[in-house]
Every structure is written in C-alpha cells, then in structure tokens.
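Comments concern the structure below.
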Amino acid sequence: MKILVCISHVPDTTSKINFTNGDTEFDTNGVQFVINPNDEFGLTRAVWFQEQQGANVTVVNIGGPETEATLRKALAIGANEAIRVNANPSDGFFVAKQLAEVVKNGGYDLVICGKESLDYNGGMVPGMLAALTGSNFVNSCIGLTVDGTDVKATREIDGGKETLSTSLPLIVGGQKGLVEEKDLRIPNMRGIMTARTKALQVLEPVAADQNTKAVKFEKPAAKGPVKLFTVNNLDELVSALHNEAKVI
C-alpha cells in the first residue's frame, strides 16, 4: 500500500502572532513552525500502517525551502520519502490542485490530510482533493483500518460517531483519534540521522487558479478588565450580568 501524507507547515500555538504591511501579511520573524497537529495524527497512523502492513509512506508539502525542516522532521518520525512542491500555499484550490497532481503521478492508494490546518482553518483541501482525483472521501476521521482494498473508517459527527465501509483509493481528512496524543512520536537520534539521507524531491507547481487572497488580518479584540463582586453583593452581580454583560 502506498500512502501519501499531506503536511502543512504551521506556526506553533505558543508563538506570538503579528502582522506587517498594514496587517496584510503574516510576520514570520521569531515564529517557530511545526507539523500541523491534524497532519501529525495522520502521519503517525501512516507509520503504524508502515510497521504493521509494510506500507510505503511519502509526505508532501506545498511551500518554499523554509518548510524543508518540517519535512525532515516527518522523515525522522518514520516517513520513507518526501516531496516539496515549490509554491506559496496561498489558496485552498491551488493547494488541492498541486496535491492532485502528486497523487495522480504517484499512484497512491491512501492519502491522509489533516481535516484543516492550524493557521487558516479553511477545511477545504481534503474534499477538493478527493473531487479532483475521483477518490472516495471520509472527513473528520478518527479511526481507520485497511484490509486489502477494503477500508473501515470512523468519523466524528454531530452528537456521536459514524463507522463507514469504503474502499481504496481513499482520501481522509483526519484529526485526533486516528491516534491519541500519547502515541505521537518524538524523533530519536537514529531517526534524525536517517532522515538526512532520505529522498526529498522538489517539484515545480502546475498551473492552477488562485481564486482567493488574504486582504487583511485582524487579531481578536483584547479582553476587557475583570470586574469582581463580593459574596455579599449578589444583587449587584445579577444586575451586571443582566444590564452590562446581557447574558441573562
């Protein structure tokens, strides 16, 4: 089985976020980048298939040379090889189009994407990729088993879980549940050294429309001051909740 894991290069959640050029561009100065958490769950599951069923795992990223450190980390975790499409991932359809080209040329049986990236939270790419490649598609996937070409997938739905039977080729939009956080892998020294010798192929992008662009970024409004009430002023608390906060 050939597995392709799509990797987004995203800011660490502990990073302080700022914008430049009139709030039209993300300021990357001083920002630590990591593998998108939803993608890391998918990568860990793919490595499990590699170990248990002999699958070959390739990771792919759409981005510039600065993303190669993230791809090398994915290789250190256990992926066999990596692909970087040399383009700015500024639009969901553009990214899906590049990934579709990689999927078609690589003959992958299973493609695991995160259901959304931590930075843009668009959630568009996995579904678009499935449409472009004519593959089966399961989103919000929290469980996955493969037997030959038969697949059982569990996905999160409103109010519960749903288990589906499908078949390869399959696109998965994965999230926590494919593996648990305790099962995520930290690269050891051997993995890091081995990753340096694994293949990292750079491809030029195919022509594709970029239908959206970021016009402006805006931080959430700062939280207001905290107003405290003593236990003897419950009437004042109720009045504030009703007249000021307007929650009752």
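How things are named: the first chain in the structure tokens is A, the next is B, and so on; residues count from 1 in each chain; ligands count from 1 in the order shown.
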Task: Spatial neighbours of stretch 171-185 of chain A, 7 Å, only C-alpha atoms, chain gap at least 2 places, as a list in words - done: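 Listed by chain and then number, they are Asn38, Phe41, Gly42, Thr44, Arg45, Ile77, Leu110, Val111, Ile112, Cys113, Gly114, Lys115, Pro126, Ala130, Ser135, Asn136, Phe137, Val138, Asn139, Ser140, Cys141, Ile142, Gly143, Leu144 and Pro187 of chain A.
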Open item on the list: If DSSP is run on the backbone, what residues of stretch 116-190 of chain A are helix (DSSP H, G or I)? A reply as a VMD selection string would be ideal.
Closed with: chain A and resid 125 to 133 181 to 183 189 to 190
Can I get the selected residues back with N, CA and C atoms, as a tab-separated table (two decimals), in the first residue's frame?
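Output below, filename out02.tsv:
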chain	number	residue	atom	x	y	z
A	125	VAL	N	-9.25	21.73	1.63
A	125	VAL	CA	-8.35	20.98	0.76
A	125	VAL	C	-8.68	19.50	0.64
A	126	PRO	N	-8.95	18.76	1.74
A	126	PRO	CA	-9.21	17.32	1.58
A	126	PRO	C	-10.38	17.01	0.63
A	127	GLY	N	-11.48	17.73	0.79
A	127	GLY	CA	-12.64	17.49	-0.08
A	127	GLY	C	-12.36	17.85	-1.53
A	128	MET	N	-11.67	18.97	-1.75
A	128	MET	CA	-11.31	19.36	-3.11
A	128	MET	C	-10.39	18.32	-3.75
A	129	LEU	N	-9.45	17.82	-2.96
A	129	LEU	CA	-8.51	16.82	-3.47
A	129	LEU	C	-9.24	15.55	-3.87
A	130	ALA	N	-10.21	15.13	-3.07
A	130	ALA	CA	-10.99	13.95	-3.41
A	130	ALA	C	-11.76	14.14	-4.71
A	131	ALA	N	-12.34	15.34	-4.88
A	131	ALA	CA	-13.09	15.63	-6.11
A	131	ALA	C	-12.18	15.65	-7.33
A	132	LEU	N	-11.00	16.22	-7.18
A	132	LEU	CA	-10.06	16.33	-8.31
A	132	LEU	C	-9.48	14.99	-8.73
A	133	THR	N	-9.37	14.06	-7.78
A	133	THR	CA	-8.77	12.75	-8.08
A	133	THR	C	-9.81	11.66	-8.27
A	181	GLU	N	-2.90	11.39	21.50
A	181	GLU	CA	-1.73	12.25	21.68
A	181	GLU	C	-0.56	11.48	22.29
A	182	LYS	N	-0.85	10.53	23.16
A	182	LYS	CA	0.22	9.76	23.80
A	182	LYS	C	0.97	8.89	22.80
A	183	ASP	N	0.37	8.63	21.64
A	183	ASP	CA	1.01	7.79	20.63
A	183	ASP	C	1.84	8.57	19.63
A	189	MET	N	17.46	10.12	17.97
A	189	MET	CA	18.70	10.48	17.26
A	189	MET	C	18.88	9.64	16.00
A	190	ARG	N	18.54	8.35	16.09
A	190	ARG	CA	18.68	7.50	14.91
A	190	ARG	C	17.77	7.97	13.78
Task: Selection: 12 Å around stretch 23-30 of chain A, only C-alpha atoms, excl. self and same-chain fewer than 3 positions, as a PyMOL selection string - done: chain A and resi 9-12+14-20+33+66+90+119-120+213-219
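Counting from atom CA of A:Asn86, the distance to atom CA of A:Ala69 is 14.2 Å.
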Task: Residues within 8 Å of A:Pro89, only C-alpha atoms, excluding chain neighbours under 4 positions, as JSON, numbers by chain - done: {"A": [62, 63, 94, 95]}
TODO: Using only C-alpha atoms, pick whichever of A:Glu40, A:Phe93, A:Ala199, A:Thr163 has the shortest atom-to-atom distance to A:Asn211.
DONE: A:Phe93
